[in-house]
$ cat input-v1.cif   # mmCIF, C-alpha atoms
data_my_file
loop_
_atom_site.label_atom_id
_atom_site.label_comp_id
_atom_site.auth_asym_id
_atom_site.auth_seq_id
_atom_site.Cartn_x
_atom_site.Cartn_y
_atom_site.Cartn_z
CA MET U 1 0.00 0.00 0.00
CA ASN U 2 1.51 3.33 -0.99
CA ARG U 3 1.82 6.34 1.27
CA SER U 4 -0.95 8.42 -0.35
CA THR U 5 -3.41 5.50 -0.14
CA ASN U 6 -2.49 5.11 3.53
CA ARG U 7 -3.12 8.82 4.17
CA GLY U 8 -6.44 8.61 2.32
CA LEU U 9 -7.57 5.65 4.44
CA ARG U 10 -6.56 7.42 7.65
CA ARG U 11 -8.46 10.55 6.59
CA ALA U 12 -11.55 8.50 5.69
CA PHE U 13 -11.31 6.69 9.05
CA ALA U 14 -11.06 10.03 10.86
CA VAL U 15 -14.13 11.47 9.14
CA TRP U 16 -16.10 8.25 9.65
CA THR U 17 -15.21 8.00 13.33
CA LEU U 18 -16.22 11.60 14.08
CA ALA U 19 -19.43 11.16 12.10
CA SER U 20 -20.15 7.96 14.05
CA LEU U 21 -19.58 9.74 17.36
CA ALA U 22 -21.88 12.55 16.27
CA VAL U 23 -24.62 10.04 15.38
CA LEU U 24 -24.19 8.12 18.65
CA CYS U 25 -24.26 11.32 20.67
CA ALA U 26 -27.25 12.69 18.78
CA GLY U 27 -29.18 9.50 19.55
CA ALA U 28 -28.86 10.19 23.26
CA GLY U 29 -29.18 13.94 23.02
CA LEU U 30 -25.43 14.16 23.33
CA ALA U 31 -23.68 16.68 21.09
CA LEU U 32 -20.06 16.36 20.07
CA PRO U 33 -18.28 19.59 21.01
CA VAL U 34 -17.48 21.48 17.83
CA ARG U 35 -13.96 22.13 19.08
CA ALA U 36 -13.34 18.37 19.31
CA GLN U 37 -14.14 18.03 15.60
CA SER U 38 -11.26 20.23 14.51
CA ALA U 39 -7.85 18.76 13.88
CA VAL U 40 -5.50 18.99 16.82
CA ALA U 41 -1.83 18.56 16.02
CA GLY U 42 -0.24 15.64 17.82
CA VAL U 43 -3.42 14.21 19.37
CA PRO U 44 -4.61 10.99 17.68
CA LEU U 45 -8.22 10.94 16.54
CA GLU U 46 -9.11 8.07 18.89
CA ARG U 47 -7.93 10.17 21.86
CA ARG U 48 -9.96 13.18 20.70
CA VAL U 49 -13.10 11.03 20.38
CA LYS U 50 -12.59 9.46 23.82
CA ALA U 51 -11.99 12.90 25.38
CA ALA U 52 -15.31 14.11 23.92
CA PHE U 53 -17.08 11.04 25.32
CA LEU U 54 -15.57 11.54 28.79
CA TYR U 55 -16.83 15.12 28.89
CA LYS U 56 -20.31 13.96 27.83
CA PHE U 57 -20.38 11.10 30.36
CA LEU U 58 -20.35 13.70 33.17
CA GLY U 59 -23.67 15.14 32.07
CA TYR U 60 -25.33 11.73 32.10
CA THR U 61 -24.08 10.65 35.51
CA GLU U 62 -25.81 11.47 38.78
CA PHE U 63 -23.23 11.79 41.55
CA PRO U 64 -24.24 11.65 45.22
CA ALA U 65 -24.26 14.97 47.07
CA SER U 66 -21.52 13.59 49.34
CA ALA U 67 -19.16 13.54 46.33
CA PHE U 68 -18.88 17.34 46.53
CA ALA U 69 -17.35 19.50 49.24
CA ASP U 70 -19.90 22.27 48.58
CA PRO U 71 -22.45 23.39 45.95
CA ALA U 72 -19.79 25.25 43.95
CA ALA U 73 -17.18 22.47 43.96
CA PRO U 74 -15.98 21.45 40.49
CA LEU U 75 -16.42 18.12 38.77
CA THR U 76 -12.96 16.59 38.72
CA ILE U 77 -11.64 14.24 36.06
CA GLY U 78 -8.45 12.33 36.81
CA VAL U 79 -6.43 10.77 33.98
CA ILE U 80 -3.82 8.03 34.51
CA GLY U 81 -1.62 6.74 31.72
CA ALA U 82 -2.92 8.96 28.91
CA ASP U 83 -1.24 12.36 28.96
CA ASP U 84 -2.28 13.19 25.39
CA LEU U 85 -5.92 12.51 26.25
CA ALA U 86 -5.63 14.65 29.40
CA VAL U 87 -4.35 17.59 27.34
CA GLU U 88 -7.15 17.19 24.80
CA LEU U 89 -9.76 16.80 27.54
CA ALA U 90 -8.58 19.97 29.27
CA ARG U 91 -8.98 21.77 25.93
CA VAL U 92 -12.48 20.33 25.38
CA VAL U 93 -13.80 21.28 28.86
CA ALA U 94 -12.17 24.73 29.07
CA GLY U 95 -14.85 27.26 30.01
CA ARG U 96 -17.62 24.65 30.12
CA THR U 97 -19.78 23.54 33.03
CA VAL U 98 -21.91 20.49 33.81
CA ASN U 99 -24.91 21.08 36.09
CA ASN U 100 -23.50 24.54 36.86
CA ARG U 101 -20.21 23.09 38.05
CA PRO U 102 -16.88 23.90 36.43
CA ILE U 103 -14.77 20.96 35.24
CA GLU U 104 -11.21 20.33 36.34
CA VAL U 105 -8.83 17.87 34.64
CA ARG U 106 -5.93 16.39 36.60
CA GLU U 107 -3.10 14.25 35.23
CA LEU U 108 -2.41 11.59 37.85
CA ARG U 109 0.23 8.93 38.40
CA GLU U 110 -0.59 5.36 39.34
CA SER U 111 0.38 6.19 42.91
CA ASP U 112 -2.45 8.80 42.91
CA ALA U 113 -5.13 6.22 42.03
CA ALA U 114 -6.94 6.73 45.35
CA ALA U 115 -7.38 10.49 44.74
CA ARG U 116 -10.89 11.87 45.17
CA VAL U 117 -12.15 12.48 41.64
CA HIS U 118 -15.58 12.18 40.09
CA LEU U 119 -14.39 10.49 36.91
CA LEU U 120 -11.15 8.52 36.61
CA PHE U 121 -9.90 7.47 33.18
CA ILE U 122 -7.26 4.73 33.20
CA GLY U 123 -5.42 4.50 29.90
CA GLY U 124 -3.66 1.43 28.58
CA ASN U 125 -4.30 -2.12 27.45
CA ASP U 126 -2.63 -4.15 30.21
CA PRO U 127 -5.58 -5.82 32.02
CA GLN U 128 -3.55 -6.67 35.15
CA ARG U 129 -2.24 -3.11 35.53
CA VAL U 130 -5.72 -1.68 34.93
CA ALA U 131 -7.30 -4.10 37.45
CA ARG U 132 -4.70 -3.09 40.05
CA ILE U 133 -5.39 0.63 39.53
CA VAL U 134 -9.18 0.14 39.54
CA HIS U 135 -8.86 -1.72 42.86
CA GLN U 136 -6.88 1.22 44.30
CA ALA U 137 -9.29 3.85 42.90
CA THR U 138 -11.28 4.16 46.11
CA GLY U 139 -11.82 7.90 45.66
CA ALA U 140 -13.34 7.70 42.16
CA LYS U 141 -17.03 7.35 41.37
CA LEU U 142 -17.11 6.89 37.59
CA VAL U 143 -14.15 4.73 36.52
CA VAL U 144 -13.55 4.48 32.76
CA THR U 145 -11.04 2.12 31.12
CA GLU U 146 -10.03 1.10 27.60
CA CYS U 147 -8.66 -2.44 27.91
CA ASP U 148 -9.97 -5.92 27.23
CA ASN U 149 -12.12 -7.07 30.14
CA GLY U 150 -12.24 -3.58 31.65
CA LEU U 151 -15.66 -4.19 33.17
CA GLN U 152 -14.44 -7.44 34.74
CA ALA U 153 -11.62 -5.42 36.30
CA GLY U 154 -14.24 -3.25 38.01
CA SER U 155 -14.67 -0.22 35.76
CA VAL U 156 -18.08 1.36 35.23
CA ILE U 157 -17.49 2.15 31.54
CA ASN U 158 -15.00 0.51 29.20
CA PHE U 159 -14.16 1.85 25.74
CA ARG U 160 -13.91 -0.61 22.86
CA ILE U 161 -13.09 -0.22 19.19
CA ILE U 162 -15.74 -2.01 17.12
CA ASP U 163 -15.75 -1.78 13.32
CA GLU U 164 -13.21 1.06 13.60
CA ARG U 165 -15.53 3.08 15.84
CA VAL U 166 -15.15 4.05 19.48
CA ARG U 167 -17.93 2.36 21.44
CA PHE U 168 -18.39 1.65 25.14
CA ASP U 169 -19.75 -1.01 27.48
CA VAL U 170 -21.34 -0.23 30.85
CA SER U 171 -21.48 -2.15 34.14
CA LEU U 172 -24.56 -1.20 36.15
CA ASP U 173 -23.27 -3.23 39.10
CA ALA U 174 -20.06 -1.18 39.26
CA ALA U 175 -22.06 2.05 39.00
CA GLU U 176 -24.27 0.94 41.89
CA ARG U 177 -21.25 -0.08 44.00
CA ASN U 178 -19.76 3.37 43.44
CA GLY U 179 -22.99 5.14 44.38
CA ILE U 180 -23.71 6.72 40.98
CA LYS U 181 -26.68 6.54 38.61
CA LEU U 182 -26.28 6.56 34.83
CA SER U 183 -28.94 8.12 32.64
CA SER U 184 -31.04 5.77 30.52
CA ARG U 185 -30.20 8.04 27.59
CA LEU U 186 -26.54 7.09 28.01
CA LEU U 187 -27.37 3.40 28.35
CA THR U 188 -29.33 3.37 25.09
CA VAL U 189 -26.20 4.24 23.07
CA ALA U 190 -23.89 1.84 24.92
CA ASN U 191 -22.58 -1.13 22.96
CA ARG U 192 -23.45 -3.43 25.86
CA VAL U 193 -24.98 -2.90 29.31
CA GLN U 194 -23.95 -5.49 31.87
CA LYS U 195 -26.04 -6.28 34.94
CA GLY U 196 -25.30 -9.21 37.23
CA ALA U 197 -22.73 -11.97 36.73
CA GLN U 198 -21.59 -12.40 33.13
#

$ encode --input "input-v1.cif" --output "structure tokens"
Amino acid sequence: MNRSTNRGLRRAFAVWTLASLAVLCAGAGLALPVRAQSAVAGVPLERRVKAAFLYKFLGYTEFPASAFADPAAPLTIGVIGADDLAVELARVVAGRTVNNRPIEVRELRESDAAARVHLLFIGGNDPQRVARIVHQATGAKLVVTECDNGLQAGSVINFRIIDERVRFDVSLDAAERNGIKLSSRLLTVANRVQKGAQ
């Protein structure tokens, strides 16, 4: 395959993936941020799509009142093992609010896994590493992963690539254990919703 054909396929994949995300989001009343649709130098398309999803997940998650220090406290997203996604996510959420709360993005190390955050994204494909971090993530409510068997490791949402599109699976049991409620509008666009032993 020559270089120009390769570039053409990558460009077609990029357009298709963003269009797919827009359709998925529209189906649940979710709108892809316009800024996430523009090209961002150095940030892979998959990371931009996942960053847009993470931002949207916040609006479709009901956190307990005890998850906030006060009514003005921000929604905090922690990111482990995905610095490029953290940078893109910070760009996407800049100046935005969810339920009248500002959004704060924090790049964390594995040793910070127990930090109090509302959403924790754990990057990487190593299931054992991800399971270890999920187990330590006692301060997170909505844990999102991107590895094989992410839900079995204890995450609430796990990204998957299906037919070259970013999709996600949901564990209602993990959400319940973490004291959060996910909107039915989010569940309708999930690839798979898991409840009970699988």

$ residues_around --input "input-v1.cif" --residues "region 75-81 of chain U" --least-positions-apart "6" --cutoff "9 Å" --atoms "only C-alpha atoms" --output "list in words"
Leu54, Tyr55, Leu58, Phe68, Thr97, Val98, Arg101, Pro102, Ile103, Glu104, Val105, Arg106, Glu107, Leu108, Arg109, Glu110, Asp112, Ala113, Ala115, Arg116, Val117, His118, Leu119, Leu120, Phe121, Ile122, Gly123, Gly124 and Ala140 of chain U

$ residues_around --input "input-v1.cif" --residues "Asn158 (chain U)" --least-positions-apart "5" --cutoff "12 Å" --atoms "only C-alpha atoms" --output "ChimeraX atom specification"
/U:50,53-54,57,120-125,127,130,134,142-153,166-172,174,190-194

$ atom_distance --input "input-v1.cif" --atom1 "CA of Gly59 (chain U)" --atom2 "CA of Ser155 (chain U)"
18.2 Å

$ closest_residue --input "input-v1.cif" --among "U:Arg160, U:His135, U:Lys195, U:Arg96" --to "Glu176 (chain U)" --atoms "all atoms listed in the file"
U:Lys195

$ atom_distance --input "input-v1.cif" --atom1 "CA of Ile161 (chain U)" --atom2 "CA of Asp84 (chain U)"
18.3 Å

$ closest_residue --input "input-v1.cif" --among "U:Val92, U:Leu186, U:Ala67, U:Val87" --to "Gly139 (chain U)" --atoms "all atoms listed in the file"
U:Ala67

$ atom_distance --input "input-v1.cif" --atom1 "CA of Ala90 (chain U)" --atom2 "CA of Ala72 (chain U)"
19.2 Å

$ closest_residue --input "input-v1.cif" --among "U:Glu62, U:Glu88, U:Ala94, U:Asp126" --to "Pro44 (chain U)" --atoms "only C-alpha atoms"
U:Glu88

$ closest_residue --input "input-v1.cif" --among "U:Lys181, U:Asp70, U:Gly95, U:Ser111" --to "Arg132 (chain U)" --atoms "all atoms listed in the file"
U:Ser111

$ residues_around --input "input-v1.cif" --residues "Gly179 (chain U)" --least-positions-apart "6" --cutoff "8 Å" --atoms "all atoms listed in the file" --output "VMD selection string"
chain U and resid 63 to 64 141

$ write_last_selection --input "input-v1.cif" --atoms "C-alpha atoms" --output "PDB file, in the coordinates of the input"
ATOM      1  CA  PHE U  63     -23.230  11.790  41.550  1.00  0.00           C
ATOM      2  CA  PRO U  64     -24.240  11.650  45.220  1.00  0.00           C
ATOM      3  CA  LYS U 141     -17.030   7.350  41.370  1.00  0.00           C
TER       4      LYS U 141
END

$ residues_around --input "input-v1.cif" --residues "Thr61 (chain U)" --least-positions-apart "6" --cutoff "7 Å" --atoms "all atoms listed in the file" --output "PDB file with C-alpha atoms, keeping the file's coordinate frame"
ATOM      1  CA  ILE U 180     -23.710   6.720  40.980  1.00  0.00           C
ATOM      2  CA  LYS U 181     -26.680   6.540  38.610  1.00  0.00           C
ATOM      3  CA  LEU U 182     -26.280   6.560  34.830  1.00  0.00           C
ATOM      4  CA  SER U 183     -28.940   8.120  32.640  1.00  0.00           C
TER       5      SER U 183
END

$ axis_aligned_box --input "input-v1.cif" --around "region 53-68 of chain U" --padding-each-side "3 Å" --output "AutoDock Vina command-line options"
--center_x -20.7 --center_y 14.0 --center_z 37.3 --size_x 16.2 --size_y 12.7 --size_z 30.0

$ decode --input "input-v1.cif" --residues "region 149-172 of chain U" --atoms "N, CA, C and O atoms" --output "compact mmCIF listing (two decimals), in the first residue's frame"
# COMPACT_ATOMS: atom_id res chain seq x y z
N ASN U 149 -11.61 -6.67 28.83
CA ASN U 149 -12.12 -7.07 30.14
C ASN U 149 -12.09 -5.96 31.18
O ASN U 149 -11.95 -6.21 32.37
N GLY U 150 -12.23 -4.71 30.73
CA GLY U 150 -12.24 -3.58 31.65
C GLY U 150 -13.36 -3.65 32.67
O GLY U 150 -13.17 -3.34 33.84
N LEU U 151 -14.55 -4.09 32.23
CA LEU U 151 -15.66 -4.19 33.17
C LEU U 151 -15.39 -5.27 34.22
O LEU U 151 -15.71 -5.11 35.39
N GLN U 152 -14.78 -6.37 33.80
CA GLN U 152 -14.44 -7.44 34.74
C GLN U 152 -13.41 -6.96 35.76
O GLN U 152 -13.37 -7.47 36.88
N ALA U 153 -12.61 -5.99 35.37
CA ALA U 153 -11.62 -5.42 36.30
C ALA U 153 -12.27 -4.48 37.30
O ALA U 153 -11.66 -4.11 38.30
N GLY U 154 -13.52 -4.09 37.06
CA GLY U 154 -14.24 -3.25 38.01
C GLY U 154 -14.60 -1.87 37.51
O GLY U 154 -15.15 -1.07 38.27
N SER U 155 -14.31 -1.55 36.25
CA SER U 155 -14.67 -0.22 35.76
C SER U 155 -16.17 -0.12 35.52
O SER U 155 -16.86 -1.14 35.36
N VAL U 156 -16.67 1.11 35.49
CA VAL U 156 -18.08 1.36 35.23
C VAL U 156 -18.32 1.40 33.72
O VAL U 156 -19.31 0.87 33.22
N ILE U 157 -17.39 2.04 32.99
CA ILE U 157 -17.49 2.15 31.54
C ILE U 157 -16.15 1.72 30.95
O ILE U 157 -15.09 2.08 31.45
N ASN U 158 -16.22 0.94 29.88
CA ASN U 158 -15.00 0.51 29.20
C ASN U 158 -15.14 0.79 27.71
O ASN U 158 -16.09 0.35 27.06
N PHE U 159 -14.18 1.58 27.18
CA PHE U 159 -14.16 1.85 25.74
C PHE U 159 -13.74 0.62 24.97
O PHE U 159 -12.88 -0.15 25.42
N ARG U 160 -14.31 0.45 23.78
CA ARG U 160 -13.91 -0.61 22.86
C ARG U 160 -13.91 -0.04 21.45
O ARG U 160 -14.66 0.89 21.16
N ILE U 161 -13.08 -0.58 20.60
CA ILE U 161 -13.09 -0.22 19.19
C ILE U 161 -13.81 -1.35 18.46
O ILE U 161 -13.38 -2.50 18.48
N ILE U 162 -14.93 -1.02 17.84
CA ILE U 162 -15.74 -2.01 17.12
C ILE U 162 -15.99 -1.46 15.73
O ILE U 162 -16.52 -0.35 15.58
N ASP U 163 -15.61 -2.23 14.71
CA ASP U 163 -15.75 -1.78 13.32
C ASP U 163 -15.16 -0.39 13.13
O ASP U 163 -15.77 0.48 12.52
N GLU U 164 -13.98 -0.19 13.71
CA GLU U 164 -13.21 1.06 13.60
C GLU U 164 -13.93 2.25 14.21
O GLU U 164 -13.67 3.39 13.86
N ARG U 165 -14.84 1.99 15.14
CA ARG U 165 -15.53 3.08 15.84
C ARG U 165 -15.31 2.94 17.33
O ARG U 165 -15.21 1.83 17.86
N VAL U 166 -15.26 4.07 18.03
CA VAL U 166 -15.15 4.05 19.48
C VAL U 166 -16.54 3.80 20.05
O VAL U 166 -17.47 4.57 19.80
N ARG U 167 -16.69 2.70 20.77
CA ARG U 167 -17.93 2.36 21.44
C ARG U 167 -17.63 2.15 22.92
O ARG U 167 -16.47 2.18 23.33
N PHE U 168 -18.65 1.88 23.72
CA PHE U 168 -18.39 1.65 25.14
C PHE U 168 -19.41 0.68 25.73
O PHE U 168 -20.55 0.61 25.29
N ASP U 169 -18.92 -0.10 26.71
CA ASP U 169 -19.75 -1.01 27.48
C ASP U 169 -19.92 -0.42 28.87
O ASP U 169 -19.08 0.34 29.35
N VAL U 170 -21.01 -0.79 29.54
CA VAL U 170 -21.34 -0.23 30.85
C VAL U 170 -21.64 -1.36 31.83
O VAL U 170 -22.34 -2.31 31.49
N SER U 171 -21.15 -1.23 33.06
CA SER U 171 -21.48 -2.15 34.14
C SER U 171 -22.38 -1.43 35.14
O SER U 171 -21.92 -0.52 35.86
N LEU U 172 -23.64 -1.81 35.19
CA LEU U 172 -24.56 -1.20 36.15
C LEU U 172 -24.21 -1.59 37.58
O LEU U 172 -24.41 -0.81 38.51
